[in-house]
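target_3.cif follows (mmCIF, C-alpha atoms and all ligand atoms):
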data_target
#
loop_
_atom_site.label_atom_id
_atom_site.label_comp_id
_atom_site.auth_asym_id
_atom_site.auth_seq_id
_atom_site.Cartn_x
_atom_site.Cartn_y
_atom_site.Cartn_z
CA MET A 30 -52.52 -61.85 53.04
CA THR A 31 -54.47 -64.63 51.30
CA GLU A 32 -54.14 -65.06 47.53
CA PRO A 33 -57.67 -63.70 46.80
CA GLU A 34 -56.94 -60.66 48.96
CA ALA A 35 -53.63 -60.10 47.17
CA LYS A 36 -55.48 -60.11 43.83
CA LEU A 37 -57.97 -57.54 45.07
CA GLU A 38 -55.11 -55.36 46.26
CA ALA A 39 -53.40 -55.70 42.87
CA LEU A 40 -56.59 -54.61 41.11
CA LEU A 41 -56.94 -51.63 43.45
CA ASP A 42 -53.35 -50.66 42.63
CA ILE A 43 -54.09 -50.86 38.89
CA ILE A 44 -57.20 -48.72 39.32
CA ASN A 45 -55.26 -46.17 41.30
CA SER A 46 -52.27 -45.95 38.98
CA SER A 47 -54.31 -45.95 35.75
CA ALA A 48 -56.66 -43.24 37.03
CA ARG A 49 -53.63 -41.15 38.00
CA GLN A 50 -52.14 -41.68 34.56
CA ALA A 51 -55.41 -40.46 32.98
CA ILE A 52 -55.30 -37.36 35.22
CA VAL A 53 -51.74 -36.66 34.03
CA GLU A 54 -52.88 -36.89 30.40
CA TYR A 55 -55.70 -34.37 30.96
CA LYS A 56 -53.39 -32.00 32.80
CA LYS A 57 -50.78 -32.12 30.02
CA THR A 58 -53.23 -30.13 27.88
CA GLY A 59 -53.00 -27.21 30.31
CA HIS A 60 -56.76 -27.34 30.89
CA GLY A 61 -56.83 -29.44 34.06
CA VAL A 62 -59.10 -32.44 34.52
CA PRO A 63 -62.76 -32.61 33.42
CA GLY A 64 -65.10 -31.51 36.22
CA ALA A 65 -67.69 -33.93 37.58
CA ASP A 66 -70.35 -31.39 36.54
CA ALA A 67 -68.73 -30.37 33.26
CA THR A 68 -71.20 -29.13 30.67
CA THR A 69 -68.67 -28.64 27.87
CA PHE A 70 -66.16 -30.90 26.18
CA HIS A 71 -62.58 -31.00 27.45
CA PRO A 72 -60.00 -30.21 24.73
CA LEU A 73 -58.69 -33.77 25.03
CA ASP A 74 -62.18 -35.04 24.04
CA MET A 75 -61.52 -33.63 20.56
CA ALA A 76 -57.82 -34.51 20.28
CA THR A 77 -56.74 -36.85 17.49
CA ASP A 78 -53.84 -38.54 19.28
CA THR A 79 -55.03 -39.88 22.63
CA ILE A 80 -53.29 -43.23 22.79
CA ALA A 81 -51.78 -42.66 26.26
CA LEU A 82 -55.19 -41.73 27.73
CA ARG A 83 -56.84 -44.70 26.03
CA LYS A 84 -54.25 -47.11 27.41
CA ALA A 85 -54.88 -45.80 30.91
CA ILE A 86 -58.67 -46.08 30.52
CA ARG A 87 -58.39 -49.62 29.14
CA LEU A 88 -56.64 -50.64 32.37
CA LEU A 89 -59.05 -48.65 34.52
CA GLU A 90 -62.20 -50.10 32.95
CA GLY A 91 -60.84 -53.64 32.89
CA ALA A 92 -59.69 -53.54 36.52
CA TYR A 93 -62.78 -51.91 38.02
CA HIS A 94 -65.17 -54.27 36.25
CA GLN A 95 -63.10 -57.22 37.46
CA LEU A 96 -62.97 -55.86 41.00
CA SER A 97 -66.70 -55.25 41.04
CA ALA A 98 -67.43 -58.71 39.63
CA ILE A 99 -65.39 -60.29 42.44
CA LEU A 100 -66.92 -58.27 45.25
CA ALA A 101 -70.54 -57.94 44.08
CA PRO A 102 -73.01 -60.85 44.41
CA PRO A 103 -73.02 -62.80 41.11
CA GLN A 104 -76.80 -62.37 40.79
CA HIS A 105 -76.24 -58.63 40.74
CA THR A 106 -73.47 -58.71 38.14
CA VAL A 107 -75.23 -61.07 35.74
CA MET A 108 -78.50 -59.18 35.92
CA ASN A 109 -76.57 -56.02 35.16
CA PHE A 110 -75.76 -57.61 31.76
CA VAL A 111 -79.45 -57.95 31.01
CA PHE A 112 -80.87 -54.94 32.83
CA ASN A 113 -79.36 -52.58 30.37
CA TYR A 114 -81.84 -50.56 28.41
CA ASN A 115 -79.47 -47.65 28.12
CA TRP A 116 -79.36 -48.26 24.36
CA ALA A 117 -83.15 -47.80 24.08
CA CYS A 118 -83.17 -44.66 26.24
CA THR A 119 -80.22 -43.27 24.28
CA ASN A 120 -82.05 -43.96 21.05
CA VAL A 121 -85.09 -41.98 22.25
CA ALA A 122 -82.89 -39.08 23.33
CA LEU A 123 -81.16 -39.09 19.94
CA ARG A 124 -84.24 -39.35 17.77
CA ALA A 125 -86.22 -36.81 19.79
CA ARG A 126 -83.17 -34.49 19.73
CA ILE A 127 -83.42 -33.86 23.45
CA ALA A 128 -79.80 -32.72 23.75
CA ASP A 129 -80.35 -30.19 20.93
CA VAL A 130 -83.30 -28.68 22.79
CA LEU A 131 -81.45 -28.58 26.12
CA GLU A 132 -78.53 -26.83 24.50
CA GLN A 133 -80.71 -23.72 24.25
CA HIS A 134 -81.21 -23.89 28.04
CA PRO A 135 -77.87 -24.27 29.78
CA GLU A 136 -79.45 -23.65 33.21
CA GLY A 137 -81.91 -26.47 32.59
CA LEU A 138 -85.43 -26.84 31.20
CA SER A 139 -88.50 -28.14 32.95
CA VAL A 140 -89.61 -31.52 31.77
CA ASP A 141 -93.03 -30.03 30.82
CA ARG A 142 -91.46 -27.63 28.36
CA LEU A 143 -88.92 -30.17 27.16
CA ALA A 144 -91.63 -32.79 26.51
CA ASP A 145 -93.66 -30.19 24.60
CA ALA A 146 -90.65 -29.24 22.51
CA VAL A 147 -90.00 -32.85 21.47
CA ASP A 148 -93.68 -33.83 21.37
CA LEU A 149 -93.45 -36.73 23.82
CA ASP A 150 -95.17 -37.58 27.08
CA LYS A 151 -93.52 -35.73 29.96
CA SER A 152 -93.47 -38.59 32.47
CA ASN A 153 -91.87 -40.89 29.90
CA VAL A 154 -89.25 -38.27 29.04
CA ALA A 155 -88.45 -37.81 32.72
CA ARG A 156 -88.04 -41.55 33.29
CA ILE A 157 -85.67 -41.86 30.37
CA LEU A 158 -83.58 -38.89 31.40
CA ARG A 159 -83.38 -40.14 34.98
CA VAL A 160 -82.03 -43.49 33.80
CA LEU A 161 -79.37 -41.83 31.66
CA SER A 162 -78.58 -39.32 34.42
CA LEU A 163 -77.51 -42.23 36.64
CA MET A 164 -74.51 -42.57 34.33
CA GLY A 165 -73.87 -38.81 34.05
CA CYS A 166 -75.60 -38.40 30.69
CA PHE A 167 -78.00 -35.45 31.31
CA LYS A 168 -78.53 -34.09 34.79
CA GLU A 169 -81.58 -33.29 36.86
CA VAL A 170 -80.46 -29.89 38.13
CA LYS A 171 -83.53 -29.49 40.31
CA ARG A 172 -86.75 -31.41 40.61
CA ASP A 173 -88.11 -32.09 37.09
CA VAL A 174 -85.59 -29.74 35.47
CA PHE A 175 -82.97 -31.28 33.17
CA ALA A 176 -79.79 -29.97 31.58
CA ASN A 177 -77.05 -31.27 29.33
CA THR A 178 -73.75 -32.63 30.56
CA ARG A 179 -70.43 -33.37 28.86
CA LEU A 180 -71.77 -36.85 28.05
CA SER A 181 -75.17 -35.81 26.72
CA LEU A 182 -73.52 -33.36 24.29
CA ILE A 183 -72.56 -36.50 22.36
CA LEU A 184 -76.29 -36.98 21.68
CA LYS A 185 -76.67 -33.72 19.77
CA SER A 186 -77.74 -34.27 16.16
CA THR A 187 -74.54 -32.60 14.94
CA ASN A 188 -72.27 -34.97 16.85
CA ASN A 189 -70.60 -37.76 14.87
CA THR A 190 -70.47 -40.23 17.74
CA GLY A 191 -74.16 -39.45 18.30
CA CYS A 192 -74.78 -40.64 14.72
CA TYR A 193 -72.85 -43.80 15.46
CA ALA A 194 -74.95 -44.35 18.60
CA HIS A 195 -78.10 -43.68 16.56
CA PHE A 196 -77.16 -46.29 13.94
CA HIS A 197 -76.42 -48.88 16.62
CA SER A 198 -79.30 -48.25 18.96
CA ARG A 199 -81.87 -48.04 16.17
CA HIS A 200 -80.84 -50.79 13.77
CA ILE A 201 -78.27 -53.14 15.25
CA ALA A 202 -80.35 -53.68 18.39
CA LYS A 203 -83.10 -55.09 16.14
CA TYR A 204 -80.73 -57.61 14.54
CA ALA A 205 -79.34 -58.59 17.93
CA GLY A 206 -82.91 -59.39 18.93
CA VAL A 207 -83.03 -62.36 16.50
CA LEU A 208 -79.56 -63.68 17.26
CA TYR A 209 -80.58 -66.98 18.82
CA GLU A 210 -83.22 -67.63 16.14
CA THR A 211 -80.54 -67.06 13.50
CA MET A 212 -78.17 -69.41 15.28
CA ILE A 213 -80.63 -72.30 15.23
CA ASP A 214 -82.12 -71.69 11.78
CA GLN A 215 -81.23 -74.45 9.34
CA ASP A 216 -80.10 -72.05 6.59
CA PHE A 217 -78.38 -69.48 8.72
CA SER A 218 -76.90 -71.32 11.67
CA ARG A 219 -73.56 -72.51 10.30
CA SER A 220 -73.15 -70.22 7.33
CA HIS A 221 -70.40 -67.63 7.09
CA GLU A 222 -71.87 -66.23 3.88
CA LEU A 223 -72.63 -62.55 3.59
CA ASP A 224 -76.36 -63.10 3.09
CA LYS A 225 -76.76 -65.15 6.26
CA ALA A 226 -76.29 -62.33 8.76
CA PRO A 227 -78.86 -61.83 11.55
CA ARG A 228 -79.75 -58.58 9.73
CA VAL A 229 -80.85 -60.60 6.69
CA PHE A 230 -82.86 -62.94 8.93
CA ALA A 231 -84.62 -59.98 10.58
CA CYS A 232 -85.24 -58.19 7.25
CA ARG A 233 -86.68 -61.30 5.59
CA LYS A 234 -89.33 -61.41 8.29
CA GLU A 235 -90.33 -57.94 7.10
CA GLY A 236 -90.21 -58.98 3.42
CA LEU A 237 -87.04 -56.94 2.73
CA SER A 238 -84.17 -58.44 0.75
CA ASP A 239 -81.69 -55.66 -0.10
CA SER A 240 -78.06 -56.03 0.95
CA TYR A 241 -76.95 -53.61 3.64
CA TRP A 242 -75.12 -51.40 1.14
CA GLU A 243 -78.20 -51.30 -1.13
CA THR A 244 -80.35 -50.35 1.85
CA ILE A 245 -78.30 -47.29 2.62
CA LYS A 246 -77.83 -46.47 -1.07
CA ASN A 247 -81.59 -46.02 -1.31
CA ASP A 248 -82.06 -44.08 1.91
CA ASP A 249 -80.34 -40.68 2.00
CA GLU A 250 -80.97 -40.02 5.68
CA ARG A 251 -79.74 -43.44 6.74
CA ARG A 252 -76.64 -43.16 4.54
CA ASP A 253 -75.89 -39.74 6.00
CA ILE A 254 -76.20 -41.03 9.57
CA PHE A 255 -74.05 -44.04 8.69
CA HIS A 256 -71.23 -42.01 7.17
CA ARG A 257 -71.25 -39.33 9.85
CA GLY A 258 -71.38 -42.21 12.31
CA LEU A 259 -68.16 -43.55 10.83
CA LEU A 260 -66.49 -40.27 11.77
CA GLY A 261 -67.86 -40.92 15.25
CA HIS A 262 -66.52 -44.47 15.23
CA GLY A 263 -63.08 -43.00 14.61
CA GLU A 264 -63.54 -40.51 17.45
CA MET A 265 -64.66 -43.28 19.81
CA MET A 266 -61.81 -45.66 18.94
CA GLY A 267 -59.15 -42.98 18.57
CA THR A 268 -58.22 -44.20 15.08
CA SER A 269 -57.05 -40.74 13.95
CA ALA A 270 -53.87 -41.44 15.90
CA VAL A 271 -52.65 -43.01 12.64
CA LEU A 272 -52.31 -39.46 11.29
CA HIS A 273 -49.60 -38.91 13.90
CA ARG A 274 -48.11 -42.38 14.17
CA TYR A 275 -47.37 -43.33 10.54
CA PRO A 276 -44.48 -41.72 8.62
CA TRP A 277 -46.67 -39.92 6.05
CA ASP A 278 -43.80 -37.53 5.33
CA ASN A 279 -42.05 -40.42 3.57
CA VAL A 280 -45.04 -41.15 1.31
CA SER A 281 -46.17 -39.36 -1.87
CA SER A 282 -49.46 -41.01 -2.80
CA VAL A 283 -52.27 -42.68 -0.87
CA VAL A 284 -55.35 -44.55 -2.04
CA ASP A 285 -58.10 -44.58 0.56
CA VAL A 286 -59.92 -47.78 -0.45
CA GLY A 287 -63.55 -47.62 0.67
CA SER A 288 -62.91 -44.05 1.78
CA GLY A 289 -66.46 -43.25 2.84
CA ILE A 290 -66.83 -39.48 2.86
CA GLY A 291 -63.15 -38.94 3.61
CA ALA A 292 -63.18 -39.44 7.39
CA PHE A 293 -59.51 -40.37 7.22
CA SER A 294 -58.23 -38.69 4.10
CA ILE A 295 -59.67 -35.19 4.64
CA PRO A 296 -57.60 -34.67 7.82
CA LEU A 297 -54.69 -36.48 6.11
CA ALA A 298 -54.79 -34.00 3.20
CA THR A 299 -54.97 -31.10 5.64
CA MET A 300 -52.02 -32.28 7.75
CA PHE A 301 -49.85 -33.48 4.84
CA PRO A 302 -50.44 -31.17 1.86
CA HIS A 303 -47.66 -32.85 -0.15
CA LEU A 304 -49.76 -36.04 -0.53
CA LYS A 305 -51.65 -37.04 -3.69
CA ILE A 306 -54.79 -38.80 -2.48
CA THR A 307 -57.31 -41.00 -4.27
CA ASN A 308 -60.69 -41.76 -2.68
CA HIS A 309 -62.39 -44.92 -3.91
CA ASP A 310 -65.92 -45.87 -2.88
CA LEU A 311 -69.32 -46.69 -4.34
CA PRO A 312 -70.71 -44.04 -6.74
CA GLU A 313 -73.38 -42.68 -4.38
CA VAL A 314 -70.82 -42.35 -1.59
CA ILE A 315 -68.38 -40.55 -3.87
CA VAL A 316 -71.10 -37.93 -4.49
CA GLN A 317 -71.45 -37.50 -0.74
CA ALA A 318 -67.65 -37.41 -0.40
CA GLN A 319 -67.44 -34.60 -2.97
CA ASN A 320 -69.68 -32.48 -0.70
CA ALA A 321 -67.60 -33.30 2.36
CA TRP A 322 -64.32 -32.38 0.62
CA GLU A 323 -65.83 -29.13 -0.75
CA LYS A 324 -66.92 -28.21 2.75
CA ASN A 325 -63.87 -29.33 4.75
CA ALA A 326 -60.85 -29.23 2.44
CA PRO A 327 -61.76 -27.29 -0.73
CA GLU A 328 -58.13 -26.32 -1.29
CA ALA A 329 -57.16 -29.98 -1.77
CA LEU A 330 -59.77 -30.27 -4.55
CA LEU A 331 -58.74 -26.98 -6.15
CA ASP A 332 -55.04 -27.93 -6.10
CA GLY A 333 -55.84 -31.29 -7.70
CA ARG A 334 -54.28 -33.08 -4.73
CA VAL A 335 -57.27 -35.34 -4.37
CA GLU A 336 -59.22 -37.37 -6.89
CA LEU A 337 -62.58 -38.96 -6.06
CA VAL A 338 -63.11 -42.05 -8.19
CA PRO A 339 -65.98 -44.54 -7.96
CA ASN A 340 -64.68 -48.07 -7.60
CA ASN A 341 -66.29 -51.33 -6.58
CA PHE A 342 -63.50 -52.97 -4.64
CA LEU A 343 -65.00 -56.45 -4.98
CA GLU A 344 -64.75 -56.27 -8.77
CA ASP A 345 -62.49 -53.41 -9.83
CA ILE A 346 -58.77 -52.88 -9.57
CA PRO A 347 -57.91 -49.59 -7.82
CA VAL A 348 -55.65 -46.93 -9.37
CA PHE A 349 -52.24 -48.34 -10.18
CA GLY A 350 -48.86 -47.95 -8.56
CA LYS A 351 -49.54 -45.71 -5.57
CA ASP A 352 -47.37 -45.76 -2.43
CA VAL A 353 -50.01 -46.69 0.16
CA TYR A 354 -53.31 -48.53 -0.20
CA TYR A 355 -55.09 -47.75 3.05
CA LEU A 356 -58.17 -49.68 4.22
CA ARG A 357 -59.82 -48.48 7.39
CA HIS A 358 -62.71 -50.57 8.68
CA ILE A 359 -63.04 -52.30 5.32
CA ILE A 360 -61.72 -55.81 5.88
CA HIS A 361 -63.76 -56.22 9.08
CA ASP A 362 -66.95 -55.59 7.02
CA TRP A 363 -66.50 -58.74 4.98
CA PRO A 364 -66.37 -62.50 5.43
CA ASP A 365 -63.06 -64.14 4.47
CA ALA A 366 -63.96 -64.81 0.80
CA GLU A 367 -64.82 -61.17 0.04
CA ALA A 368 -61.98 -59.81 2.19
CA THR A 369 -59.60 -61.91 0.13
CA ALA A 370 -61.13 -60.69 -3.15
CA ILE A 371 -60.67 -57.04 -2.09
CA LEU A 372 -57.00 -57.58 -1.22
CA ARG A 373 -56.41 -59.52 -4.44
CA ASN A 374 -57.71 -56.59 -6.48
CA ILE A 375 -55.42 -54.24 -4.60
CA ARG A 376 -52.48 -56.55 -5.14
CA LYS A 377 -53.03 -56.28 -8.90
CA ALA A 378 -52.69 -52.49 -8.67
CA MET A 379 -49.59 -52.40 -6.51
CA GLY A 380 -46.16 -51.39 -7.75
CA PRO A 381 -42.91 -52.85 -6.38
CA ASN A 382 -42.79 -50.32 -3.53
CA SER A 383 -46.50 -50.08 -2.72
CA VAL A 384 -47.73 -51.12 0.71
CA VAL A 385 -51.17 -52.04 2.01
CA LEU A 386 -52.18 -50.66 5.40
CA ILE A 387 -55.12 -52.47 7.00
CA HIS A 388 -56.53 -50.45 9.87
CA ASP A 389 -58.94 -52.53 11.92
CA SER A 390 -59.20 -53.45 15.58
CA VAL A 391 -57.27 -56.56 16.50
CA LEU A 392 -58.93 -59.17 18.67
CA PHE A 393 -56.61 -60.59 21.28
CA HIS A 394 -58.22 -63.54 23.03
CA ALA A 395 -57.33 -64.44 26.60
CA PHE A 396 -55.77 -67.65 25.29
CA GLN A 397 -53.76 -67.35 22.10
CA GLU A 398 -52.79 -70.24 19.82
CA PRO A 399 -49.90 -72.19 21.39
CA GLY A 400 -46.51 -70.87 20.33
CA VAL A 401 -47.91 -67.66 18.86
CA GLY A 402 -47.15 -65.44 21.86
CA THR A 403 -48.66 -61.99 22.07
CA ASN A 404 -47.96 -60.99 18.47
CA GLY A 405 -46.46 -57.78 19.76
CA LEU A 406 -49.75 -56.66 21.34
CA SER A 407 -49.91 -55.18 24.83
CA VAL A 408 -50.78 -57.61 27.61
CA ALA A 409 -52.58 -56.55 30.79
CA PRO A 410 -50.88 -57.08 34.16
CA GLU A 411 -52.14 -59.88 36.42
CA PRO A 412 -54.66 -60.56 37.80
CA MET A 413 -56.41 -58.97 34.82
CA LEU A 414 -57.22 -61.09 31.78
CA PRO A 415 -54.30 -60.66 29.36
CA ASN A 416 -56.66 -58.96 26.88
CA PHE A 417 -57.75 -56.38 29.48
CA GLY A 418 -61.16 -58.01 30.01
CA ALA A 419 -63.89 -55.36 30.07
CA GLY A 420 -61.23 -52.83 29.03
CA SER A 421 -61.66 -54.37 25.54
CA HIS A 422 -65.44 -54.05 25.70
CA ARG A 423 -65.96 -51.88 22.63
CA VAL A 424 -63.73 -54.00 20.35
CA TYR A 425 -65.58 -57.20 21.24
CA GLN A 426 -68.95 -55.47 20.87
CA ILE A 427 -68.01 -54.15 17.43
CA ASP A 428 -67.03 -57.69 16.50
CA LEU A 429 -70.65 -58.62 17.26
CA THR A 430 -71.94 -55.63 15.26
CA MET A 431 -70.01 -56.95 12.27
CA TRP A 432 -71.61 -60.36 12.72
CA PHE A 433 -75.16 -59.08 13.19
CA LEU A 434 -74.97 -56.69 10.27
CA LEU A 435 -72.74 -58.38 7.72
CA ASN A 436 -71.85 -61.87 8.99
CA SER A 437 -68.28 -60.61 9.18
CA LYS A 438 -65.93 -60.08 12.09
CA GLU A 439 -63.01 -58.42 13.78
CA ARG A 440 -59.99 -60.68 13.44
CA THR A 441 -56.98 -61.72 15.43
CA LEU A 442 -53.62 -60.80 13.94
CA ASP A 443 -53.14 -64.42 12.86
CA GLU A 444 -56.50 -64.51 11.09
CA MET A 445 -55.54 -61.31 9.32
CA LYS A 446 -52.17 -62.77 8.31
CA ILE A 447 -53.89 -65.82 6.79
CA ILE A 448 -56.14 -63.59 4.67
CA ALA A 449 -53.15 -61.54 3.53
CA GLN A 450 -51.26 -64.72 2.67
CA VAL A 451 -54.15 -66.21 0.68
CA SER A 452 -54.69 -62.90 -1.14
CA SER A 453 -51.07 -62.68 -2.17
CA ASN A 454 -51.32 -65.98 -4.10
CA ILE A 455 -52.50 -64.59 -7.43
CA SER A 456 -53.28 -67.27 -9.94
C1 LIG B 501 -67.16 -49.12 7.46
S1 LIG B 501 -67.10 -48.04 6.10
C2 LIG B 501 -65.45 -47.38 6.25
C3 LIG B 501 -65.28 -46.04 5.58
C4 LIG B 501 -63.93 -45.36 5.79
N1 LIG B 501 -62.83 -46.17 5.36
C5 LIG B 501 -63.75 -44.93 7.22
O1 LIG B 501 -62.84 -45.38 7.90
O2 LIG B 501 -64.55 -44.10 7.67
C6 LIG B 501 -67.04 -49.09 4.73
C7 LIG B 501 -67.01 -48.38 3.40
O3 LIG B 501 -66.96 -49.36 2.36
C8 LIG B 501 -67.76 -48.88 1.29
N2 LIG B 501 -68.14 -50.00 0.41
C9 LIG B 501 -69.04 -51.00 0.65
N3 LIG B 501 -69.10 -51.84 -0.39
C10 LIG B 501 -68.20 -51.37 -1.31
C11 LIG B 501 -67.80 -51.83 -2.60
N4 LIG B 501 -68.30 -52.94 -3.13
N5 LIG B 501 -66.85 -51.11 -3.26
C12 LIG B 501 -66.31 -49.98 -2.71
N6 LIG B 501 -66.67 -49.50 -1.49
C13 LIG B 501 -67.60 -50.20 -0.80
C14 LIG B 501 -68.93 -48.24 1.97
O4 LIG B 501 -69.64 -47.37 1.13
C15 LIG B 501 -68.24 -47.55 3.14
O5 LIG B 501 -67.86 -46.25 2.81
#
The structure in this file should be written as structure tokens.
Ligand SMILES: C[S@@+](CC[C@H](N)C(=O)[O-])C[C@H]1O[C@@H](n2cnc3c(N)ncnc32)[C@H](O)[C@@H]1O
Amino acid sequence: MTEPEAKLEALLDIINSSARQAIVEYKKTGHGVPGADATTFHPLDMATDTIALRKAIRLLEGAYHQLSAILAPPQHTVMNFVFNYNWACTNVALRARIADVLEQHPEGLSVDRLADAVDLDKSNVARILRVLSLMGCFKEVKRDVFANTRLSLILKSTNNTGCYAHFHSRHIAKYAGVLYETMIDQDFSRSHELDKAPRVFACRKEGLSDSYWETIKNDDERRDIFHRGLLGHGEMMGTSAVLHRYPWDNVSSVVDVGSGIGAFSIPLATMFPHLKITNHDLPEVIVQAQNAWEKNAPEALLDGRVELVPNNFLEDIPVFGKDVYYLRHIIHDWPDAEATAILRNIRKAMGPNSVVLIHDSVLFHAFQEPGVGTNGLSVAPEPMLPNFGAGSHRVYQIDLTMWFLLNSKERTLDEMKIIAQVSSNIS
């Protein structure tokens, strides 16, 4: 066998074994595997600890994209990068609430009636749904009759990941559209300052100058979609696994710094009722958080196990002397200077036994700094890229979201260590 053939065979083996591993994970639930025509979620879709499934899918996605890129003509693969209007079609489906309408018609609804219900042109609706149906999101059950699928249920207005998709496909796509212009603009091109994000460049063209956080402060609907979207971010990335993988039994008090509406600490309070929890966020978010706690964990409020306290983490010191200061998707929102300021403020609040937990994705480039090794991170088997290639798609895309929106980034473990080190030098 030639070396190129051996590599193809190795990729086929990875695809086979990782797909089988995923099947095992589904079957462990006792509910079998998801059907190709499933129209409901599988219980594993809602599970909070899915690390084994995610590891299998990371291998599967990385290996099949690599295999396809080797075997397909390069013209085909590169144009696939560009011919990708799924985000625009998804945005239409979300904003027109097509999945909500179809939910009332499990057997399917004619495109005439569907288009009437969402007040759009029927041929346009059909084109959009046919594009998404190629990927299993919606299904044409018979000619011109569409129904929901397990994927399109994500696009219901009540779905958190749908909110996350809404936020991305509606706003971030616009900032991505001026990326090159931002990169060659004299003021913006080499700046790592907060106010030199592509978002700022795009907004200035429209005469808008608010910071991102001010924008959502002044727009209730947008803030609601953003915060529900954060719940969806967690569902997409599987971050709730931390509820199962950290020894919370050995902790008494937790400060959720930049808590949002309690995406992490509401389930934490429910699973670990012994914990005293503080939520810190901006005042308008704390109001929203109060509603979310009242709805989802009123007993924690009544028992006084949770306190919701406005706090500007760039300027204020959080509550003193708690066991854990937890920051999920906070540090990745900020350039190095602000990230350091946030950690410095936390440091001032910490007691001798306090710890800081930073929960962000970790970038792992194909080539690490010499001598650094893998930093304890998993490495993909050859011939895959060590960082799993396309299996790391979402992490690298979110890194770009952070840039477009806030001129910030996902970091490597070493970049994170440098920030922690600098922050710990209190003058
Ligand atoms: C990406 S969200 C993460 C929310 C939450 N930790 C989670 O995992 O869902 C960032 C949070 O930081 C908050 N935030 C932004 N600027 C802040 C500031 N200056 N002080 C405190 N919170 C802030 C936002 O309101 C938002 O809730």
Excluding same-chain residues fewer than 4 positions from stretch 51-56 of chain A, what lies within 6 Å of it counting all atoms listed in the file, as a list in words? Gly61, Val62, Leu82 and Ala85 of chain A
Cut-off 8 Å: closest chain A/ligand LIG 501 (chain B) atom pairs per residue, using only C-alpha atoms and all ligand atoms, as a tab-separated table:
residue	atom	partner	partner_atom	distance
A:Trp242	CA	B:LIG501	C9	6.1
A:His256	CA	B:LIG501	O5	7.0
A:Leu259	CA	B:LIG501	O2	4.8
A:Leu260	CA	B:LIG501	O2	5.9
A:His262	CA	B:LIG501	O2	7.8
A:Gly263	CA	B:LIG501	O1	7.1
A:Asp285	CA	B:LIG501	N1	6.9
A:Val286	CA	B:LIG501	N1	6.7
A:Gly287	CA	B:LIG501	O3	4.2
A:Ser288	CA	B:LIG501	N1	4.2
A:Gly289	CA	B:LIG501	O5	3.3
A:Ile290	CA	B:LIG501	O5	6.8
A:Gly291	CA	B:LIG501	O2	6.7
A:Ala292	CA	B:LIG501	O2	4.9
A:Phe293	CA	B:LIG501	O1	6.1
A:His309	CA	B:LIG501	C12	6.5
A:Asp310	CA	B:LIG501	N6	4.0
A:Leu311	CA	B:LIG501	C12	4.7
A:Val314	CA	B:LIG501	O4	5.8
A:Pro339	CA	B:LIG501	C12	7.6
A:Asn340	CA	B:LIG501	C12	5.5
A:Asn341	CA	B:LIG501	N5	3.4
A:Phe342	CA	B:LIG501	N5	4.1
A:Leu343	CA	B:LIG501	N4	5.2
A:Glu344	CA	B:LIG501	N4	7.4
A:Leu356	CA	B:LIG501	N1	5.9
A:Arg357	CA	B:LIG501	N1	4.3
A:His358	CA	B:LIG501	C1	4.8
A:Ile359	CA	B:LIG501	C6	5.2
A:Asp362	CA	B:LIG501	C1	6.5
Enclose the full set of atoms of stretch 174-188 of chain A listed in the file within a box whose edges lie along x, y and z, apply 5 Å of padding to each of the six sides, and report centre and edge lengths in Å to one decimal as AutoDock Vina command-line options.
--center_x -78.0 --center_y -33.4 --center_z 25.2 --size_x 25.2 --size_y 17.2 --size_z 30.5
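Residues surrounding stretch 65-78 of chain A within 7 Å are Tyr55, Asn177, Thr178, Arg179, Gly267, Ser269, Ala270 and His273 of chain A [only C-alpha atoms; sequence separation below 6 positions excluded].
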Could you tell me how far atom CA of A:Phe417 sits from atom CA of A:Asp365, in Å to one decimal place?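 Separation of atom CA of A:Asp365 and atom CA of A:Phe417: 26.7 Å.
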Pick from A:Arg124, A:Arg334, A:His303, A:Lys446 nearest to A:Leu372, counting only C-alpha atoms: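 For A:Leu372, the nearest of the given residues is A:Lys446.
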Please compute the atom CA of A:Ile201-atom CA of A:Val160 distance, one decimal, in Å.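 So the two atoms, atom CA of A:Ile201 and atom CA of A:Val160, lie 21.2 Å apart.
The space between atom CA of A:Leu392 and atom CA of A:Gln104 spans 28.6 Å.
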Give me the residues near A:Arg440 as a PyMOL selection string, where near means some atom within 12 Å (using only C-alpha atoms) and where sequence neighbours in that chain fewer than 4 positions away do not count. chain A and resi 358+360-365+368+387-394+424-425+427-429+431-432+444-448
Could you pull the residues within 12 Å of A:Met164, counting only C-alpha atoms, minus those fewer than 6 positions along the same chain, as a PyMOL selection string? chain A and resi 65+113+115+119+157-158+178-181
Which residue is closest to A:Leu272? Choose from A:Leu89, A:Met300, A:Ile346, A:Val408 and count all atoms listed in the file.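 Looking only at the distances to A:Leu272, the closest residue turns out to be A:Met300.
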A:Ser421 proximity check over A:Ala449, A:Ala329, A:Ala395, A:Ala202, using all atoms listed in the file: winner is A:Ala395
For A:Arg142, which residue among A:Val174, A:Met413, A:Cys192, A:Val207 is the nearest when counting only C-alpha atoms? A:Val174
Go through A:Pro227, A:Pro103, A:Gly420, A:Gly333 one by one, measure the shortest atom-to-atom distance of each to A:Thr211 using all atoms listed in the file, and give the residue with the smallest value.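 Answer, going by the shortest atom-to-atom distance: A:Pro227.
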Compile the contact shell of A:Val338 as number ranges by chain: residues with an atom at most 10 Å away, counting all atoms listed in the file, same-chain residues fewer than 6 positions apart removed. A: 307-312, 315-316, 347-348
